[in-house]
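The file entry.cif comes next; it holds mmCIF, N, CA and C atoms.
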```cif
data_final
loop_
_atom_site.label_atom_id
_atom_site.label_comp_id
_atom_site.auth_asym_id
_atom_site.auth_seq_id
_atom_site.Cartn_x
_atom_site.Cartn_y
_atom_site.Cartn_z
N MET A 1055 6.82 1.25 -5.99
CA MET A 1055 6.92 0.41 -7.16
C MET A 1055 8.38 0.34 -7.60
N ILE A 1056 8.80 -0.83 -8.02
CA ILE A 1056 10.15 -1.02 -8.53
C ILE A 1056 10.13 -0.66 -10.02
N PRO A 1057 10.98 0.28 -10.47
CA PRO A 1057 10.95 0.67 -11.88
C PRO A 1057 11.46 -0.44 -12.79
N SER A 1058 10.96 -0.44 -14.01
CA SER A 1058 11.37 -1.41 -15.03
C SER A 1058 12.00 -0.66 -16.20
N TYR A 1059 12.78 -1.36 -16.97
CA TYR A 1059 13.42 -0.76 -18.12
C TYR A 1059 12.82 -1.30 -19.42
N LEU A 1060 11.52 -1.52 -19.42
CA LEU A 1060 10.82 -1.97 -20.61
C LEU A 1060 10.95 -0.90 -21.68
N GLN A 1061 11.42 -1.29 -22.87
CA GLN A 1061 11.68 -0.30 -23.90
C GLN A 1061 10.49 -0.02 -24.79
N GLN A 1062 9.61 -0.99 -24.97
CA GLN A 1062 8.40 -0.75 -25.75
C GLN A 1062 7.38 -1.82 -25.42
N VAL A 1063 6.14 -1.54 -25.72
CA VAL A 1063 5.04 -2.46 -25.47
C VAL A 1063 4.77 -3.24 -26.76
N PRO A 1064 4.54 -4.55 -26.66
CA PRO A 1064 4.26 -5.33 -27.87
C PRO A 1064 2.99 -4.81 -28.56
N HIS A 1065 2.94 -4.95 -29.88
CA HIS A 1065 1.78 -4.47 -30.62
C HIS A 1065 1.02 -5.57 -31.35
N GLY A 1066 1.46 -6.83 -31.24
CA GLY A 1066 0.71 -7.96 -31.77
C GLY A 1066 1.15 -8.45 -33.13
N THR A 1067 2.01 -7.71 -33.80
CA THR A 1067 2.47 -8.14 -35.12
C THR A 1067 3.81 -8.86 -35.06
N GLU A 1068 4.36 -9.02 -33.86
CA GLU A 1068 5.67 -9.66 -33.69
C GLU A 1068 5.60 -11.11 -34.16
N LYS A 1069 6.71 -11.57 -34.74
CA LYS A 1069 6.83 -12.96 -35.18
C LYS A 1069 8.18 -13.49 -34.73
N GLY A 1070 8.25 -14.78 -34.49
CA GLY A 1070 9.50 -15.41 -34.12
C GLY A 1070 9.30 -16.43 -33.03
N THR A 1071 10.35 -17.17 -32.74
CA THR A 1071 10.33 -18.21 -31.72
C THR A 1071 11.27 -17.81 -30.60
N TYR A 1072 10.80 -17.91 -29.37
CA TYR A 1072 11.55 -17.45 -28.21
C TYR A 1072 11.47 -18.50 -27.11
N LEU A 1073 12.53 -18.56 -26.31
CA LEU A 1073 12.50 -19.38 -25.10
C LEU A 1073 12.21 -18.46 -23.92
N ALA A 1074 11.48 -18.97 -22.96
CA ALA A 1074 11.18 -18.22 -21.75
C ALA A 1074 11.45 -19.12 -20.56
N LEU A 1075 12.14 -18.59 -19.56
CA LEU A 1075 12.39 -19.30 -18.30
C LEU A 1075 11.73 -18.53 -17.19
N ASP A 1076 11.08 -19.25 -16.28
CA ASP A 1076 10.45 -18.63 -15.12
C ASP A 1076 10.92 -19.39 -13.89
N LEU A 1077 11.78 -18.76 -13.11
CA LEU A 1077 12.29 -19.38 -11.88
C LEU A 1077 11.49 -18.84 -10.71
N GLY A 1078 10.73 -19.71 -10.08
CA GLY A 1078 9.94 -19.35 -8.91
C GLY A 1078 10.47 -20.07 -7.68
N GLY A 1079 9.71 -20.06 -6.64
CA GLY A 1079 10.13 -20.68 -5.39
C GLY A 1079 10.08 -22.19 -5.39
N THR A 1080 9.27 -22.79 -6.26
CA THR A 1080 9.08 -24.23 -6.29
C THR A 1080 9.51 -24.86 -7.61
N ASN A 1081 9.23 -24.18 -8.70
CA ASN A 1081 9.46 -24.75 -10.03
C ASN A 1081 10.26 -23.83 -10.93
N LEU A 1082 10.89 -24.45 -11.90
CA LEU A 1082 11.46 -23.74 -13.04
C LEU A 1082 10.58 -24.13 -14.22
N ARG A 1083 10.05 -23.16 -14.90
CA ARG A 1083 9.23 -23.42 -16.07
C ARG A 1083 10.04 -23.02 -17.31
N VAL A 1084 10.18 -23.95 -18.26
CA VAL A 1084 10.85 -23.68 -19.53
C VAL A 1084 9.78 -23.69 -20.60
N CYS A 1085 9.73 -22.64 -21.39
CA CYS A 1085 8.69 -22.50 -22.41
C CYS A 1085 9.31 -22.12 -23.74
N GLU A 1086 8.67 -22.55 -24.80
CA GLU A 1086 8.96 -22.03 -26.12
C GLU A 1086 7.69 -21.32 -26.57
N VAL A 1087 7.83 -20.05 -26.92
CA VAL A 1087 6.70 -19.26 -27.38
C VAL A 1087 6.96 -18.91 -28.84
N GLU A 1088 6.01 -19.26 -29.67
CA GLU A 1088 6.11 -18.92 -31.09
C GLU A 1088 5.09 -17.82 -31.37
N LEU A 1089 5.58 -16.64 -31.69
CA LEU A 1089 4.72 -15.51 -32.02
C LEU A 1089 4.41 -15.58 -33.51
N LEU A 1090 3.13 -15.58 -33.84
CA LEU A 1090 2.69 -15.80 -35.21
C LEU A 1090 2.22 -14.52 -35.89
N GLY A 1091 2.27 -13.39 -35.20
CA GLY A 1091 1.71 -12.16 -35.73
C GLY A 1091 0.20 -12.17 -35.54
N ASP A 1092 -0.47 -11.07 -35.89
CA ASP A 1092 -1.92 -10.99 -35.77
C ASP A 1092 -2.40 -11.30 -34.35
N SER A 1093 -1.56 -11.00 -33.35
CA SER A 1093 -1.84 -11.26 -31.92
C SER A 1093 -2.07 -12.74 -31.63
N LYS A 1094 -1.52 -13.62 -32.44
CA LYS A 1094 -1.64 -15.06 -32.23
C LYS A 1094 -0.30 -15.65 -31.81
N TRP A 1095 -0.37 -16.74 -31.01
CA TRP A 1095 0.84 -17.37 -30.52
C TRP A 1095 0.56 -18.83 -30.19
N ARG A 1096 1.65 -19.61 -30.13
CA ARG A 1096 1.62 -21.01 -29.67
C ARG A 1096 2.68 -21.16 -28.60
N MET A 1097 2.43 -22.07 -27.65
CA MET A 1097 3.41 -22.25 -26.59
C MET A 1097 3.51 -23.72 -26.21
N LYS A 1098 4.76 -24.16 -25.97
CA LYS A 1098 5.06 -25.47 -25.37
C LYS A 1098 5.76 -25.17 -24.06
N GLN A 1099 5.49 -25.96 -23.03
CA GLN A 1099 6.16 -25.71 -21.77
C GLN A 1099 6.36 -26.99 -20.98
N GLN A 1100 7.32 -26.92 -20.08
CA GLN A 1100 7.62 -28.04 -19.19
C GLN A 1100 8.05 -27.46 -17.85
N LYS A 1101 7.53 -28.04 -16.77
CA LYS A 1101 7.93 -27.61 -15.42
C LYS A 1101 8.98 -28.57 -14.88
N TYR A 1102 9.95 -28.01 -14.18
CA TYR A 1102 11.01 -28.76 -13.53
C TYR A 1102 11.03 -28.36 -12.06
N LYS A 1103 10.96 -29.33 -11.18
CA LYS A 1103 10.95 -29.08 -9.73
C LYS A 1103 12.30 -28.57 -9.27
N VAL A 1104 12.30 -27.52 -8.47
CA VAL A 1104 13.53 -26.99 -7.88
C VAL A 1104 13.62 -27.58 -6.46
N SER A 1105 14.58 -28.46 -6.25
CA SER A 1105 14.70 -29.16 -4.97
C SER A 1105 15.17 -28.23 -3.86
N GLU A 1106 14.95 -28.64 -2.64
CA GLU A 1106 15.45 -27.87 -1.49
C GLU A 1106 16.97 -27.74 -1.54
N ALA A 1107 17.65 -28.81 -1.97
CA ALA A 1107 19.11 -28.77 -2.05
C ALA A 1107 19.57 -27.67 -3.00
N LEU A 1108 18.86 -27.50 -4.13
CA LEU A 1108 19.22 -26.44 -5.07
C LEU A 1108 18.94 -25.06 -4.50
N LYS A 1109 17.92 -24.96 -3.65
CA LYS A 1109 17.56 -23.66 -3.07
C LYS A 1109 18.56 -23.18 -2.04
N VAL A 1110 19.24 -24.09 -1.39
CA VAL A 1110 20.14 -23.68 -0.30
C VAL A 1110 21.61 -23.98 -0.58
N GLY A 1111 21.90 -24.59 -1.72
CA GLY A 1111 23.28 -24.96 -2.04
C GLY A 1111 24.01 -23.89 -2.81
N GLU A 1112 25.12 -24.29 -3.41
CA GLU A 1112 25.92 -23.38 -4.24
C GLU A 1112 25.10 -22.92 -5.44
N VAL A 1113 25.18 -21.66 -5.76
CA VAL A 1113 24.41 -21.11 -6.87
C VAL A 1113 24.82 -21.74 -8.19
N THR A 1114 26.07 -22.18 -8.31
CA THR A 1114 26.49 -22.82 -9.57
C THR A 1114 25.69 -24.10 -9.82
N ALA A 1115 25.31 -24.81 -8.77
CA ALA A 1115 24.49 -26.01 -8.94
C ALA A 1115 23.10 -25.63 -9.46
N LEU A 1116 22.54 -24.52 -8.99
CA LEU A 1116 21.26 -24.04 -9.48
C LEU A 1116 21.36 -23.66 -10.95
N PHE A 1117 22.42 -22.93 -11.32
CA PHE A 1117 22.58 -22.54 -12.72
C PHE A 1117 22.81 -23.75 -13.61
N ASP A 1118 23.56 -24.74 -13.12
CA ASP A 1118 23.75 -25.98 -13.89
C ASP A 1118 22.41 -26.69 -14.10
N TYR A 1119 21.57 -26.68 -13.08
CA TYR A 1119 20.24 -27.30 -13.17
C TYR A 1119 19.38 -26.57 -14.20
N ILE A 1120 19.44 -25.25 -14.20
CA ILE A 1120 18.68 -24.46 -15.17
C ILE A 1120 19.16 -24.80 -16.59
N ALA A 1121 20.47 -24.81 -16.80
CA ALA A 1121 21.02 -25.13 -18.12
C ALA A 1121 20.63 -26.54 -18.54
N GLY A 1122 20.71 -27.50 -17.63
CA GLY A 1122 20.33 -28.88 -17.94
C GLY A 1122 18.84 -29.00 -18.27
N SER A 1123 18.02 -28.21 -17.61
CA SER A 1123 16.58 -28.23 -17.88
C SER A 1123 16.28 -27.68 -19.28
N VAL A 1124 16.98 -26.61 -19.65
CA VAL A 1124 16.81 -26.05 -21.00
C VAL A 1124 17.27 -27.07 -22.03
N ASP A 1125 18.40 -27.72 -21.77
CA ASP A 1125 18.90 -28.75 -22.69
C ASP A 1125 17.89 -29.88 -22.81
N HIS A 1126 17.34 -30.34 -21.69
CA HIS A 1126 16.34 -31.41 -21.72
C HIS A 1126 15.12 -30.99 -22.53
N PHE A 1127 14.65 -29.77 -22.31
CA PHE A 1127 13.49 -29.27 -23.02
C PHE A 1127 13.75 -29.27 -24.53
N LEU A 1128 14.87 -28.71 -24.95
CA LEU A 1128 15.17 -28.61 -26.37
C LEU A 1128 15.40 -29.98 -27.01
N THR A 1129 16.00 -30.91 -26.25
CA THR A 1129 16.29 -32.24 -26.76
C THR A 1129 15.05 -33.12 -26.79
N GLU A 1130 14.29 -33.12 -25.70
CA GLU A 1130 13.15 -34.04 -25.57
C GLU A 1130 11.84 -33.46 -26.09
N ILE A 1131 11.58 -32.20 -25.84
CA ILE A 1131 10.33 -31.57 -26.27
C ILE A 1131 10.50 -31.03 -27.69
N GLY A 1132 11.67 -30.49 -27.96
CA GLY A 1132 11.98 -29.97 -29.30
C GLY A 1132 11.63 -28.49 -29.43
N THR A 1133 12.00 -27.94 -30.58
CA THR A 1133 11.75 -26.53 -30.86
C THR A 1133 11.17 -26.37 -32.25
N SER A 1134 10.38 -25.33 -32.42
CA SER A 1134 9.80 -25.01 -33.72
C SER A 1134 10.77 -24.19 -34.57
N ALA A 1135 11.83 -23.69 -33.95
CA ALA A 1135 12.78 -22.83 -34.65
C ALA A 1135 13.58 -23.65 -35.66
N SER A 1136 13.94 -23.01 -36.76
CA SER A 1136 14.80 -23.67 -37.74
C SER A 1136 16.22 -23.71 -37.19
N GLU A 1137 17.05 -24.56 -37.78
CA GLU A 1137 18.41 -24.73 -37.27
C GLU A 1137 19.23 -23.46 -37.32
N ASP A 1138 18.96 -22.59 -38.30
CA ASP A 1138 19.74 -21.36 -38.43
C ASP A 1138 19.10 -20.18 -37.70
N GLU A 1139 17.95 -20.39 -37.09
CA GLU A 1139 17.26 -19.33 -36.36
C GLU A 1139 17.81 -19.19 -34.94
N LYS A 1140 18.14 -17.97 -34.55
CA LYS A 1140 18.57 -17.71 -33.19
C LYS A 1140 17.38 -17.84 -32.25
N LEU A 1141 17.60 -18.48 -31.12
CA LEU A 1141 16.55 -18.56 -30.09
C LEU A 1141 16.90 -17.56 -29.00
N HIS A 1142 16.18 -16.46 -28.96
CA HIS A 1142 16.38 -15.50 -27.89
C HIS A 1142 15.68 -16.02 -26.65
N LEU A 1143 16.22 -15.67 -25.49
CA LEU A 1143 15.71 -16.21 -24.24
C LEU A 1143 15.37 -15.07 -23.30
N GLY A 1144 14.18 -15.17 -22.72
CA GLY A 1144 13.76 -14.24 -21.67
C GLY A 1144 13.74 -14.97 -20.35
N PHE A 1145 14.10 -14.28 -19.28
CA PHE A 1145 14.20 -14.92 -17.97
C PHE A 1145 13.36 -14.13 -16.96
N THR A 1146 12.37 -14.81 -16.38
CA THR A 1146 11.56 -14.21 -15.32
C THR A 1146 12.09 -14.72 -14.00
N PHE A 1147 12.54 -13.82 -13.19
CA PHE A 1147 13.08 -14.14 -11.87
C PHE A 1147 12.04 -13.65 -10.88
N SER A 1148 11.29 -14.57 -10.28
CA SER A 1148 10.12 -14.22 -9.48
C SER A 1148 10.47 -13.76 -8.07
N PHE A 1149 11.43 -12.88 -7.99
CA PHE A 1149 11.85 -12.32 -6.71
C PHE A 1149 12.12 -10.83 -6.94
N PRO A 1150 11.97 -10.01 -5.91
CA PRO A 1150 12.17 -8.56 -6.11
C PRO A 1150 13.63 -8.21 -6.42
N VAL A 1151 13.80 -7.49 -7.52
CA VAL A 1151 15.12 -7.05 -7.96
C VAL A 1151 15.07 -5.55 -8.19
N GLN A 1152 16.04 -4.84 -7.66
CA GLN A 1152 16.19 -3.42 -7.95
C GLN A 1152 16.93 -3.33 -9.27
N GLN A 1153 16.20 -3.05 -10.34
CA GLN A 1153 16.79 -3.03 -11.68
C GLN A 1153 17.46 -1.68 -11.90
N THR A 1154 18.74 -1.72 -12.27
CA THR A 1154 19.51 -0.49 -12.45
C THR A 1154 19.77 -0.18 -13.92
N ALA A 1155 19.50 -1.12 -14.80
CA ALA A 1155 19.65 -0.95 -16.24
C ALA A 1155 18.88 -2.09 -16.89
N ILE A 1156 18.80 -2.11 -18.21
CA ILE A 1156 18.01 -3.15 -18.87
C ILE A 1156 18.55 -4.55 -18.59
N ALA A 1157 19.85 -4.69 -18.35
CA ALA A 1157 20.45 -6.00 -18.11
C ALA A 1157 21.22 -6.04 -16.80
N ALA A 1158 20.78 -5.27 -15.81
CA ALA A 1158 21.50 -5.24 -14.53
C ALA A 1158 20.52 -5.00 -13.38
N GLY A 1159 20.80 -5.65 -12.26
CA GLY A 1159 19.97 -5.46 -11.09
C GLY A 1159 20.56 -6.15 -9.89
N THR A 1160 20.00 -5.84 -8.73
CA THR A 1160 20.44 -6.42 -7.47
C THR A 1160 19.26 -7.07 -6.77
N LEU A 1161 19.43 -8.34 -6.37
CA LEU A 1161 18.40 -9.05 -5.64
C LEU A 1161 18.12 -8.33 -4.34
N MET A 1162 16.85 -8.02 -4.09
CA MET A 1162 16.48 -7.33 -2.86
C MET A 1162 16.27 -8.31 -1.71
N SER A 1163 15.62 -9.44 -1.99
CA SER A 1163 15.44 -10.47 -0.97
C SER A 1163 14.91 -11.74 -1.62
N TRP A 1164 15.23 -12.87 -0.99
CA TRP A 1164 14.65 -14.15 -1.38
C TRP A 1164 13.33 -14.25 -0.64
N THR A 1165 12.22 -14.03 -1.32
CA THR A 1165 10.94 -13.99 -0.64
C THR A 1165 10.27 -15.34 -0.48
N LYS A 1166 10.62 -16.32 -1.32
CA LYS A 1166 9.92 -17.60 -1.31
C LYS A 1166 10.81 -18.75 -0.86
N VAL A 1167 12.10 -18.54 -0.82
CA VAL A 1167 13.02 -19.62 -0.50
C VAL A 1167 14.10 -19.12 0.43
N ARG A 1168 14.80 -20.06 1.03
CA ARG A 1168 15.96 -19.69 1.82
C ARG A 1168 17.10 -19.31 0.89
N PRO A 1169 18.08 -18.57 1.37
CA PRO A 1169 19.14 -18.09 0.48
C PRO A 1169 20.04 -19.21 -0.06
N VAL A 1170 20.52 -18.99 -1.27
CA VAL A 1170 21.54 -19.86 -1.84
C VAL A 1170 22.90 -19.25 -1.51
N PHE A 1171 23.93 -20.00 -1.71
CA PHE A 1171 25.27 -19.50 -1.46
C PHE A 1171 25.92 -19.11 -2.77
N LEU A 1172 26.38 -17.88 -2.85
CA LEU A 1172 27.06 -17.39 -4.04
C LEU A 1172 28.55 -17.39 -3.79
N PRO A 1173 29.35 -17.82 -4.77
CA PRO A 1173 30.79 -17.77 -4.58
C PRO A 1173 31.25 -16.30 -4.54
N ARG A 1174 32.12 -16.00 -3.60
CA ARG A 1174 32.65 -14.64 -3.52
C ARG A 1174 33.71 -14.46 -4.58
N SER A 1175 33.82 -13.24 -5.11
CA SER A 1175 34.77 -12.98 -6.18
C SER A 1175 36.21 -12.96 -5.67
N ASP A 1176 36.41 -12.70 -4.37
CA ASP A 1176 37.76 -12.60 -3.84
C ASP A 1176 38.31 -13.90 -3.27
N SER A 1177 37.49 -14.94 -3.23
CA SER A 1177 37.96 -16.23 -2.73
C SER A 1177 36.99 -17.33 -3.18
N SER A 1178 37.31 -18.54 -2.84
CA SER A 1178 36.41 -19.63 -3.21
C SER A 1178 35.37 -19.89 -2.13
N SER A 1179 35.39 -19.12 -1.05
CA SER A 1179 34.41 -19.30 0.01
C SER A 1179 33.07 -18.71 -0.39
N PRO A 1180 31.98 -19.42 -0.11
CA PRO A 1180 30.67 -18.89 -0.45
C PRO A 1180 30.26 -17.75 0.48
N THR A 1181 29.36 -16.93 -0.02
CA THR A 1181 28.80 -15.86 0.78
C THR A 1181 27.28 -15.92 0.66
N ARG A 1182 26.58 -15.61 1.70
CA ARG A 1182 25.12 -15.65 1.69
C ARG A 1182 24.55 -14.42 1.02
N THR A 1183 23.43 -14.62 0.30
CA THR A 1183 22.72 -13.48 -0.27
C THR A 1183 21.33 -13.41 0.30
#
```

Would you write the structure of this file as structure tokens?
Amino acid sequence: MIPSYLQQVPHGTEKGTYLALDLGGTNLRVCEVELLGDSKWRMKQQKYKVSEALKVGEVTALFDYIAGSVDHFLTEIGTSASEDEKLHLGFTFSFPVQQTAIAAGTLMSWTKVRPVFLPRSDSSSPTRT
């Protein structure tokens, strides 16, 4: 089993509005989850197709697509959050990651798609992951 750094289990009284992203092998799902307390919640969601070109191209193009999808969701679908409310975002990456801290990990393998190209830190040449 791959260990997780979950700090606590929800207890049902949580309240607030959150964005959730789920990147899988075929789709990116953007969701707004509104926690109402009393173990009640509401959710809006939109799926965005992840093209083959995004799966095998430069990773910056994939990240730009993710950002554009979130922008489209917030602009076209809208949010329940007030203008002064921070929207925290959770990201589900549907691939095995060796998590080394709450906000750090290493991709173990691309199980559903072919590898994307990541820019190397020492040059502008891409490297395969």

* To do: Apply DSSP to the backbone of this structure and, from chain A, keep only the residues in helix (DSSP H, G or I); write these as a list in words.
  =>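 Taking chain A and keeping helix (DSSP H, G or I) only, one gets Glu1106, Ala1107, Leu1108, Lys1109, Val1110, Val1113, Thr1114, Ala1115, Leu1116, Phe1117, Asp1118, Tyr1119, Ile1120, Ala1121, Gly1122, Ser1123, Val1124, Asp1125, His1126, Phe1127, Leu1128, Thr1129, Glu1130 and Ile1131 of chain A.
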
* **Distance of atom N of Ala1158 (chain A) from atom C of Ala1121 (chain A), expressed in Å to one decimal place** => 21.4 Å

* Between CA of Leu1082 (chain A) and CA of Ile1120 (chain A) - distance in Å to one decimal ->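 Between these atoms lies a distance of 7.6 Å.
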
* the PyMOL selection byres ((chain A and resi 1132-1144) around 8) applied to the shown file, residues as a PyMOL selection string -> chain A and resi 1070-1076+1086+1088+1126-1131+1145-1147

* **Residues matched by the PyMOL selection byres (((chain A and resi 1090 and name CA) around 8) and name CA) as a ChimeraX atom specification** => /A:1067-1070,1088-1089,1091-1096

Would you export the selected residues with N, CA and C atoms as a compact mmCIF listing (two decimals), keeping the file's coordinate frame, please?
```
# COMPACT_ATOMS: atom_id res chain seq x y z
N THR A 1067 2.01 -7.71 -33.80
CA THR A 1067 2.47 -8.14 -35.12
C THR A 1067 3.81 -8.86 -35.06
N GLU A 1068 4.36 -9.02 -33.86
CA GLU A 1068 5.67 -9.66 -33.69
C GLU A 1068 5.60 -11.11 -34.16
N LYS A 1069 6.71 -11.57 -34.74
CA LYS A 1069 6.83 -12.96 -35.18
C LYS A 1069 8.18 -13.49 -34.73
N GLY A 1070 8.25 -14.78 -34.49
CA GLY A 1070 9.50 -15.41 -34.12
C GLY A 1070 9.30 -16.43 -33.03
N GLU A 1088 6.01 -19.26 -29.67
CA GLU A 1088 6.11 -18.92 -31.09
C GLU A 1088 5.09 -17.82 -31.37
N LEU A 1089 5.58 -16.64 -31.69
CA LEU A 1089 4.72 -15.51 -32.02
C LEU A 1089 4.41 -15.58 -33.51
N GLY A 1091 2.27 -13.39 -35.20
CA GLY A 1091 1.71 -12.16 -35.73
C GLY A 1091 0.20 -12.17 -35.54
N ASP A 1092 -0.47 -11.07 -35.89
CA ASP A 1092 -1.92 -10.99 -35.77
C ASP A 1092 -2.40 -11.30 -34.35
N SER A 1093 -1.56 -11.00 -33.35
CA SER A 1093 -1.84 -11.26 -31.92
C SER A 1093 -2.07 -12.74 -31.63
N LYS A 1094 -1.52 -13.62 -32.44
CA LYS A 1094 -1.64 -15.06 -32.23
C LYS A 1094 -0.30 -15.65 -31.81
N TRP A 1095 -0.37 -16.74 -31.01
CA TRP A 1095 0.84 -17.37 -30.52
C TRP A 1095 0.56 -18.83 -30.19
N ARG A 1096 1.65 -19.61 -30.13
CA ARG A 1096 1.62 -21.01 -29.67
C ARG A 1096 2.68 -21.16 -28.60
```

* Asked: How far is it from CA of Ala1155 (chain A) to CA of Gln1062 (chain A), in Å with one decimal?
  -> 14.7 Å

What box, with edges along x, y and z, holds each listed atom of region 1112-1117 of chain A when 6 Å is added on every side, and can you state its centre and edge lengths in Å to one decimal, as lines of an AutoDock Vina configuration file?
```
center_x = 23.9
center_y = -23.6
center_z = -8.5
size_x = 17.2
size_y = 16.9
size_z = 22.2
```

* Using the chain letters and numbering of this document, enumerate as a list in words the residues selected by the PyMOL selection byres ((chain A and resi 1059) around 6). =>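 With the shown file as input, the PyMOL selection byres ((chain A and resi 1059) around 6) matches Pro1057, Ser1058, Leu1060, Gln1061, Ala1155 and Ile1156 of chain A.
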
* For Trp1164 (chain A), which of A:Leu1116, A:Met1097, A:Val1104, A:Val1151 is the closest residue, counting only C-alpha atoms? ->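 Going through A:Leu1116, A:Met1097, A:Val1104, A:Val1151 one by one, the smallest distance to Trp1164 (chain A) is for A:Val1151.
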
Surrounding residues of Gln1099 (chain A) excluding itself and chain neighbours under 4 positions, 7 Å, all atoms listed in the file, as an mmCIF file with N, CA and C atoms, in the frame of the given file:
```
data_model
loop_
_atom_site.group_PDB
_atom_site.id
_atom_site.type_symbol
_atom_site.label_atom_id
_atom_site.label_comp_id
_atom_site.auth_asym_id
_atom_site.auth_seq_id
_atom_site.Cartn_x
_atom_site.Cartn_y
_atom_site.Cartn_z
ATOM 1 N N ARG A 1083 10.050 -23.160 -14.900
ATOM 2 C CA ARG A 1083 9.230 -23.420 -16.070
ATOM 3 C C ARG A 1083 10.040 -23.020 -17.310
ATOM 4 N N VAL A 1084 10.180 -23.950 -18.260
ATOM 5 C CA VAL A 1084 10.850 -23.680 -19.530
ATOM 6 C C VAL A 1084 9.780 -23.690 -20.600
ATOM 7 N N CYS A 1085 9.730 -22.640 -21.390
ATOM 8 C CA CYS A 1085 8.690 -22.500 -22.410
ATOM 9 C C CYS A 1085 9.310 -22.120 -23.740
ATOM 10 N N GLU A 1086 8.670 -22.550 -24.800
ATOM 11 C CA GLU A 1086 8.960 -22.030 -26.120
ATOM 12 C C GLU A 1086 7.690 -21.320 -26.570
#
```

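Compared by their closest atoms to Ser1148 (chain A), and using only N, CA and C atoms, the residues A:Gly1079, A:Tyr1119, A:Gly1066, A:Val1113 rank with A:Gly1079 nearest.
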
* Which is closer to Leu1077 (chain A) than all the others in A:Gln1100, A:Val1110, A:Leu1161, A:Phe1149, using only C-alpha atoms? -> A:Phe1149

* Expected answer as an MDAnalysis selection string: strand (DSSP E or B) residues in chain A -> chainID A and resid 1069:1077 1081:1091 1094:1103 1112 1142:1147 1151:1155 1158:1161 1171:1173 1180:1182

Please fill the gaps in region 1077-1089 of chain A so it has N, CA, C and O atoms, and write that as an mmCIF file, in the coordinates of the input.
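Dumped everything to selection.cif:
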```
data_model
loop_
_atom_site.group_PDB
_atom_site.id
_atom_site.type_symbol
_atom_site.label_atom_id
_atom_site.label_comp_id
_atom_site.auth_asym_id
_atom_site.auth_seq_id
_atom_site.Cartn_x
_atom_site.Cartn_y
_atom_site.Cartn_z
ATOM 1 N N LEU A 1077 11.780 -18.760 -13.110
ATOM 2 C CA LEU A 1077 12.290 -19.380 -11.880
ATOM 3 C C LEU A 1077 11.490 -18.840 -10.710
ATOM 4 O O LEU A 1077 11.530 -17.647 -10.401
ATOM 5 N N GLY A 1078 10.730 -19.710 -10.080
ATOM 6 C CA GLY A 1078 9.940 -19.350 -8.910
ATOM 7 C C GLY A 1078 10.470 -20.070 -7.680
ATOM 8 O O GLY A 1078 11.551 -20.654 -7.710
ATOM 9 N N GLY A 1079 9.710 -20.060 -6.640
ATOM 10 C CA GLY A 1079 10.130 -20.680 -5.390
ATOM 11 C C GLY A 1079 10.080 -22.190 -5.390
ATOM 12 O O GLY A 1079 10.775 -22.845 -4.623
ATOM 13 N N THR A 1080 9.270 -22.790 -6.260
ATOM 14 C CA THR A 1080 9.080 -24.230 -6.290
ATOM 15 C C THR A 1080 9.510 -24.860 -7.610
ATOM 16 O O THR A 1080 10.060 -25.963 -7.621
ATOM 17 N N ASN A 1081 9.230 -24.180 -8.700
ATOM 18 C CA ASN A 1081 9.460 -24.750 -10.030
ATOM 19 C C ASN A 1081 10.260 -23.830 -10.930
ATOM 20 O O ASN A 1081 10.246 -22.608 -10.756
ATOM 21 N N LEU A 1082 10.890 -24.450 -11.900
ATOM 22 C CA LEU A 1082 11.460 -23.740 -13.040
ATOM 23 C C LEU A 1082 10.580 -24.130 -14.220
ATOM 24 O O LEU A 1082 10.366 -25.312 -14.479
ATOM 25 N N ARG A 1083 10.050 -23.160 -14.900
ATOM 26 C CA ARG A 1083 9.230 -23.420 -16.070
ATOM 27 C C ARG A 1083 10.040 -23.020 -17.310
ATOM 28 O O ARG A 1083 10.553 -21.907 -17.368
ATOM 29 N N VAL A 1084 10.180 -23.950 -18.260
ATOM 30 C CA VAL A 1084 10.850 -23.680 -19.530
ATOM 31 C C VAL A 1084 9.780 -23.690 -20.600
ATOM 32 O O VAL A 1084 8.997 -24.648 -20.692
ATOM 33 N N CYS A 1085 9.730 -22.640 -21.390
ATOM 34 C CA CYS A 1085 8.690 -22.500 -22.410
ATOM 35 C C CYS A 1085 9.310 -22.120 -23.740
ATOM 36 O O CYS A 1085 10.325 -21.417 -23.784
ATOM 37 N N GLU A 1086 8.670 -22.550 -24.800
ATOM 38 C CA GLU A 1086 8.960 -22.030 -26.120
ATOM 39 C C GLU A 1086 7.690 -21.320 -26.570
ATOM 40 O O GLU A 1086 6.604 -21.911 -26.558
ATOM 41 N N VAL A 1087 7.830 -20.050 -26.920
ATOM 42 C CA VAL A 1087 6.700 -19.260 -27.380
ATOM 43 C C VAL A 1087 6.960 -18.910 -28.840
ATOM 44 O O VAL A 1087 7.997 -18.349 -29.165
ATOM 45 N N GLU A 1088 6.010 -19.260 -29.670
ATOM 46 C CA GLU A 1088 6.110 -18.920 -31.090
ATOM 47 C C GLU A 1088 5.090 -17.820 -31.370
ATOM 48 O O GLU A 1088 3.873 -18.043 -31.264
ATOM 49 N N LEU A 1089 5.580 -16.640 -31.690
ATOM 50 C CA LEU A 1089 4.720 -15.510 -32.020
ATOM 51 C C LEU A 1089 4.410 -15.580 -33.510
ATOM 52 O O LEU A 1089 5.320 -15.640 -34.345
#
```
